[in-house]
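A quick write-up on the structure given underneath.
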Amino acid sequence: MAEVSWFNQIDREWAALTRHDPGLDIEKFYRHVLSAYKSGFAPLESIASTANALLVSALPGAAYLGRKMLDQVGVDKHPALRVTYAISLLSGTGGEADYALGHRVLRDVLKDEHAPDKLKGLSAAALGDSARLGRGEEVDLELAKAQYEIAFELGMRDAAHTLGLYWENCWSGAAPGDVLPDRPRALQWYKRGGAASPRCMARLQALTTN
């Protein structure tokens, strides 16, 4: 019964975290999750999800504890932890930003034959964001396009929306040799995203009804 009660407590704390409840004792929740991990009850994928939720939370101290959780568990133990860690490095949430290390970790995940396609897709999309925005590196729109296309092929359907916006000339620039806007190519990408990407469907509807 004590074990059930413990899990119920973590569930209640998780629910409070997701609704950004200021009454949540973040430190206590952090300790509970780490105890569950050390006891063998919290898989590494769950730790990655929890750390990510802490990193993006607006609750005071949550982001710091998200990065600390990754450091405590060890990011090399699972690709999900490595992707979460890399994105925290690129965004500077929970600690110092380190673009070079963040990019290196994401590239390593892309090369990892054991990493699921979903995580590889997230990595490619994040690398595409960096190349498009000049995050820690020079803007390279050709590279950004290539990374988003890789992300799309790995199952990130929203990457089609980002590529469609490129062909609509919404990236504030064009890669060498491209002539923008190119509405037919934009439509093609939105169609490829299809129903799996509500953002693609919304943009497709907007373009075809105007």
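Ordering of the structure tokens sets the chain letters (A, B, ...); residue numbers start at 1 within each chain; ligands are numbered from 1 in the order shown.
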- Task: Find the spatial neighbours of range 97-99 of chain A, counting only C-alpha atoms, within a cut-off of 10 Å - ignore same-chain residues fewer than 6 positions away - and output them as a VMD selection string.
- Result: chain A and resid 86 to 91 105 130 135 to 137
Could those residues be written to a file, using all heavy atoms, as a compact mmCIF listing (two decimals), in the first residue's frame?
```txt
# COMPACT_ATOMS: atom_id res chain seq x y z
N ALA A 86 20.41 18.26 -25.06
CA ALA A 86 20.88 19.11 -26.15
C ALA A 86 19.97 20.31 -26.35
O ALA A 86 20.45 21.44 -26.54
CB ALA A 86 20.99 18.30 -27.44
N ILE A 87 18.67 20.09 -26.32
CA ILE A 87 17.75 21.20 -26.52
C ILE A 87 17.82 22.19 -25.38
O ILE A 87 17.71 23.41 -25.58
CB ILE A 87 16.32 20.66 -26.73
CG1 ILE A 87 16.25 19.89 -28.06
CG2 ILE A 87 15.29 21.78 -26.71
CD1 ILE A 87 14.95 19.21 -28.34
N SER A 88 18.07 21.70 -24.15
CA SER A 88 18.23 22.61 -23.02
C SER A 88 19.51 23.43 -23.18
O SER A 88 19.55 24.61 -22.80
CB SER A 88 18.26 21.84 -21.70
OG SER A 88 19.50 21.21 -21.46
N LEU A 89 20.55 22.84 -23.76
CA LEU A 89 21.78 23.57 -24.02
C LEU A 89 21.57 24.65 -25.08
O LEU A 89 22.11 25.75 -24.98
CB LEU A 89 22.88 22.61 -24.47
CG LEU A 89 23.42 21.63 -23.43
CD1 LEU A 89 24.36 20.63 -24.09
CD2 LEU A 89 24.16 22.37 -22.31
N LEU A 90 20.79 24.33 -26.10
CA LEU A 90 20.56 25.29 -27.19
C LEU A 90 19.66 26.44 -26.74
O LEU A 90 19.81 27.58 -27.20
CB LEU A 90 19.95 24.59 -28.40
CG LEU A 90 20.83 23.54 -29.09
CD1 LEU A 90 20.09 22.92 -30.26
CD2 LEU A 90 22.14 24.15 -29.56
N SER A 91 18.73 26.14 -25.85
CA SER A 91 17.79 27.17 -25.40
C SER A 91 18.29 27.91 -24.16
O SER A 91 17.75 28.96 -23.80
CB SER A 91 16.42 26.54 -25.11
OG SER A 91 16.53 25.60 -24.07
N VAL A 105 25.78 16.91 -29.71
CA VAL A 105 24.94 15.84 -29.16
C VAL A 105 23.84 15.45 -30.15
O VAL A 105 23.57 14.26 -30.38
CB VAL A 105 24.32 16.28 -27.81
CG1 VAL A 105 23.28 15.26 -27.35
CG2 VAL A 105 25.40 16.45 -26.76
N SER A 130 18.51 25.73 -35.83
CA SER A 130 19.77 26.46 -35.60
C SER A 130 20.32 27.04 -36.90
O SER A 130 20.77 28.19 -36.94
CB SER A 130 20.81 25.54 -34.96
OG SER A 130 20.45 25.23 -33.63
N ARG A 135 21.45 30.14 -34.82
CA ARG A 135 21.59 29.89 -33.38
C ARG A 135 22.93 29.21 -33.10
O ARG A 135 23.12 28.03 -33.29
CB ARG A 135 20.44 28.99 -32.91
CG ARG A 135 20.41 28.72 -31.42
CD ARG A 135 19.15 27.99 -31.01
NE ARG A 135 19.00 26.70 -31.67
CZ ARG A 135 17.91 25.94 -31.58
NH1 ARG A 135 16.88 26.35 -30.88
NH2 ARG A 135 17.85 24.77 -32.21
N GLY A 136 23.89 30.03 -32.67
CA GLY A 136 25.21 29.50 -32.37
C GLY A 136 26.06 29.22 -33.59
O GLY A 136 27.15 28.65 -33.47
N GLU A 137 25.59 29.60 -34.76
CA GLU A 137 26.31 29.38 -36.00
C GLU A 137 25.78 30.34 -37.06
O GLU A 137 24.79 31.04 -36.84
CB GLU A 137 26.14 27.93 -36.47
CG GLU A 137 24.68 27.54 -36.73
CD GLU A 137 24.50 26.06 -37.02
OE1 GLU A 137 25.39 25.27 -36.66
OE2 GLU A 137 23.47 25.70 -37.60
```
- Task: Looking only at alpha helix (DSSP H) from DSSP on the backbone, list the matching residues of range 154-192 of chain A as a count of residues only.
- Result: 20
- Query: In Å to one decimal, how far is CA of Thr18 in chain A from CA of Tyr30 in chain A?
  - Reply: 14.0 Å
- Query: Hey, what's within 12 Å of Ala42 in chain A if we count only C-alpha atoms and toss same-chain stuff fewer than 5 positions away? As a PyMOL selection string, please?
  - Reply: chain A and resi 7+10+32-37+47-50+73
Restrict the selected residues to N, CA and C atoms and save them as a short mmCIF file (atom, residue, chain, number, x, y, z; two decimals), in the first residue's frame.
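part_13.cif written:
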```cif
data_model
loop_
_atom_site.label_atom_id
_atom_site.label_comp_id
_atom_site.auth_asym_id
_atom_site.auth_seq_id
_atom_site.Cartn_x
_atom_site.Cartn_y
_atom_site.Cartn_z
N PHE A 7 3.37 6.20 -5.55
CA PHE A 7 3.12 6.45 -6.97
C PHE A 7 1.97 7.44 -7.16
N ILE A 10 3.36 10.89 -6.73
CA ILE A 10 4.10 11.36 -7.91
C ILE A 10 3.13 11.74 -9.02
N HIS A 32 11.27 12.89 -5.40
CA HIS A 32 10.42 11.71 -5.57
C HIS A 32 10.73 10.99 -6.89
N VAL A 33 10.89 11.76 -7.97
CA VAL A 33 11.16 11.15 -9.27
C VAL A 33 12.52 10.46 -9.27
N LEU A 34 13.53 11.12 -8.70
CA LEU A 34 14.85 10.49 -8.65
C LEU A 34 14.83 9.23 -7.80
N SER A 35 14.08 9.23 -6.71
CA SER A 35 13.95 8.03 -5.88
C SER A 35 13.29 6.90 -6.66
N ALA A 36 12.27 7.25 -7.45
CA ALA A 36 11.60 6.24 -8.27
C ALA A 36 12.56 5.66 -9.29
N TYR A 37 13.40 6.51 -9.88
CA TYR A 37 14.40 6.04 -10.85
C TYR A 37 15.41 5.11 -10.18
N ILE A 47 12.11 9.62 -17.31
CA ILE A 47 12.99 10.65 -16.75
C ILE A 47 13.19 11.77 -17.77
N ALA A 48 13.37 11.41 -19.04
CA ALA A 48 13.53 12.43 -20.08
C ALA A 48 12.30 13.31 -20.19
N SER A 49 11.11 12.68 -20.15
CA SER A 49 9.86 13.44 -20.23
C SER A 49 9.70 14.37 -19.03
N THR A 50 10.04 13.87 -17.85
CA THR A 50 9.93 14.68 -16.64
C THR A 50 10.90 15.86 -16.67
N VAL A 73 21.15 11.82 -13.53
CA VAL A 73 20.89 10.50 -14.11
C VAL A 73 21.99 10.11 -15.10
#
```
- For Pro176 in chain A, the closest of A:Glu149, A:Glu142, A:Asp158, A:Glu27 counting only C-alpha atoms is A:Glu142
- Message: Rounded to one decimal, what separation in Å do you get between CA of Ala159 in chain A and CA of Asp129 in chain A?
- Response: 10.3 Å
- Message: Residues near range 80-83 of chain A, anyone? I mean within 8 Å using only C-alpha atoms, not counting same-chain ones fewer than 4 positions away, as JSON, numbers by chain.
- Response: {"A": [44, 45, 47, 48, 70, 74, 75, 76, 87, 105, 106, 109, 119, 122, 123]}
Export, as a short mmCIF file (atom, residue, chain, number, x, y, z; two decimals), in the first residue's frame, the selected residues with N, CA, C and O atoms.
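The new file selection.cif reads:
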```cif
data_model
loop_
_atom_site.label_atom_id
_atom_site.label_comp_id
_atom_site.auth_asym_id
_atom_site.auth_seq_id
_atom_site.Cartn_x
_atom_site.Cartn_y
_atom_site.Cartn_z
N LEU A 44 14.03 5.33 -18.19
CA LEU A 44 14.79 6.50 -18.66
C LEU A 44 13.96 7.40 -19.55
O LEU A 44 14.11 8.62 -19.53
N GLU A 45 13.04 6.81 -20.35
CA GLU A 45 12.16 7.64 -21.19
C GLU A 45 11.30 8.54 -20.31
O GLU A 45 11.04 9.69 -20.66
N ILE A 47 12.11 9.62 -17.31
CA ILE A 47 12.99 10.65 -16.75
C ILE A 47 13.19 11.77 -17.77
O ILE A 47 13.16 12.96 -17.41
N ALA A 48 13.37 11.41 -19.04
CA ALA A 48 13.53 12.43 -20.08
C ALA A 48 12.30 13.31 -20.19
O ALA A 48 12.40 14.53 -20.30
N LEU A 70 18.89 15.75 -15.39
CA LEU A 70 19.64 15.15 -16.49
C LEU A 70 21.08 14.87 -16.08
O LEU A 70 21.65 13.82 -16.40
N GLY A 74 22.48 11.10 -15.87
CA GLY A 74 23.51 10.82 -16.86
C GLY A 74 22.91 10.73 -18.25
O GLY A 74 22.18 9.78 -18.55
N VAL A 75 23.20 11.73 -19.08
CA VAL A 75 22.50 11.83 -20.36
C VAL A 75 22.90 10.75 -21.35
O VAL A 75 22.17 10.49 -22.31
N ASP A 76 24.05 10.13 -21.15
CA ASP A 76 24.51 9.11 -22.11
C ASP A 76 23.80 7.77 -21.96
O ASP A 76 24.05 6.85 -22.74
N ILE A 87 18.67 20.09 -26.32
CA ILE A 87 17.75 21.20 -26.52
C ILE A 87 17.82 22.19 -25.38
O ILE A 87 17.71 23.41 -25.58
N VAL A 105 25.78 16.91 -29.71
CA VAL A 105 24.94 15.84 -29.16
C VAL A 105 23.84 15.45 -30.15
O VAL A 105 23.57 14.26 -30.38
N LEU A 106 23.21 16.43 -30.77
CA LEU A 106 22.14 16.15 -31.73
C LEU A 106 22.67 15.39 -32.94
O LEU A 106 22.02 14.46 -33.45
N VAL A 109 23.14 11.80 -32.02
CA VAL A 109 21.87 11.07 -31.97
C VAL A 109 21.46 10.67 -33.38
O VAL A 109 20.98 9.55 -33.62
N LEU A 119 13.21 10.42 -32.20
CA LEU A 119 14.26 11.22 -31.58
C LEU A 119 15.23 11.76 -32.63
O LEU A 119 15.71 12.88 -32.52
N LEU A 122 13.47 14.73 -34.16
CA LEU A 122 13.56 15.90 -33.29
C LEU A 122 14.94 16.54 -33.39
O LEU A 122 15.07 17.77 -33.41
N SER A 123 15.96 15.69 -33.47
CA SER A 123 17.33 16.19 -33.57
C SER A 123 17.54 16.94 -34.87
O SER A 123 18.12 18.04 -34.89
#
```
- Contacts of Pro184 in chain A within 9 Å, only C-alpha atoms, excl. fewer than 4 positions in-chain, as number ranges by chain: A: 167, 188-189
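Distances to Glu153 in chain A were evaluated for A:Met69, A:Ile26, A:Ala125, A:Leu180 using only C-alpha atoms, and the minimum falls at A:Ala125.
Using only C-alpha atoms, the smallest distance between any of A:Thr84, A:Thr93, A:Thr162, A:Ser46 and Tyr148 in chain A comes from A:Thr162.
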- Message: Set the distance at 12 Å and use only C-alpha atoms: which residues neighbour Ser172 in chain A once local chain neighbours fewer than 6 positions away are removed? I'd like the list as a ChimeraX atom specification.
- Response: /A:132-133,139-141,165-166,180-181
Output for the residues just chosen: N, CA and C atoms as an mmCIF file, in the first residue's frame:
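Contents of out-v7.cif, freshly written:
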```
data_model
loop_
_atom_site.group_PDB
_atom_site.id
_atom_site.type_symbol
_atom_site.label_atom_id
_atom_site.label_comp_id
_atom_site.auth_asym_id
_atom_site.auth_seq_id
_atom_site.Cartn_x
_atom_site.Cartn_y
_atom_site.Cartn_z
ATOM 1 N N ARG A 132 18.606 27.764 -39.587
ATOM 2 C CA ARG A 132 17.676 28.790 -40.093
ATOM 3 C C ARG A 132 17.791 30.095 -39.321
ATOM 4 N N LEU A 133 17.951 29.981 -37.997
ATOM 5 C CA LEU A 133 17.948 31.159 -37.131
ATOM 6 C C LEU A 133 19.334 31.718 -36.852
ATOM 7 N N VAL A 139 23.861 31.651 -40.282
ATOM 8 C CA VAL A 139 22.631 31.243 -40.974
ATOM 9 C C VAL A 139 23.007 30.492 -42.246
ATOM 10 N N ASP A 140 22.384 29.333 -42.446
ATOM 11 C CA ASP A 140 22.632 28.514 -43.636
ATOM 12 C C ASP A 140 21.280 27.919 -44.045
ATOM 13 N N LEU A 141 20.603 28.609 -44.949
ATOM 14 C CA LEU A 141 19.254 28.187 -45.321
ATOM 15 C C LEU A 141 19.242 26.883 -46.099
ATOM 16 N N LEU A 165 6.483 27.117 -45.408
ATOM 17 C CA LEU A 165 6.684 28.540 -45.138
ATOM 18 C C LEU A 165 7.927 29.066 -45.857
ATOM 19 N N TYR A 166 8.950 28.224 -45.960
ATOM 20 C CA TYR A 166 10.140 28.651 -46.712
ATOM 21 C C TYR A 166 9.759 28.991 -48.148
ATOM 22 N N LEU A 180 11.958 32.662 -54.812
ATOM 23 C CA LEU A 180 10.819 32.716 -53.893
ATOM 24 C C LEU A 180 9.980 33.972 -54.143
ATOM 25 N N PRO A 181 8.672 33.892 -53.858
ATOM 26 C CA PRO A 181 7.934 32.723 -53.376
ATOM 27 C C PRO A 181 7.643 31.735 -54.498
#
```
- Message: Using only C-alpha atoms, which protein or nucleic acid residues come within 9 Å of Gln9 in chain A? Drop anything in the same chain fewer than 4 positions from it, and give the result as a PyMOL selection string.
- Response: chain A and resi 4-5+13-14+29+32
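Note that CA of Gly66 in chain A and CA of Gly23 in chain A are 18.0 Å apart.
When only C-alpha atoms are used to measure the gap to Arg157 in chain A, the shortest distance among A:Gly128, A:Gly92, A:Gly121, A:Gly173 belongs to A:Gly121.
Proximity ranking of A:Arg199, A:His78, A:Lys145, A:Lys191 relative to Ala174 in chain A places A:Lys145 first, based on only C-alpha atoms.
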- Item | Minimum-distance residue to Asp71 in chain A, chosen among A:Gly95, A:Ala53, A:Ala124, A:Pro198 (using only C-alpha atoms) | A:Gly95
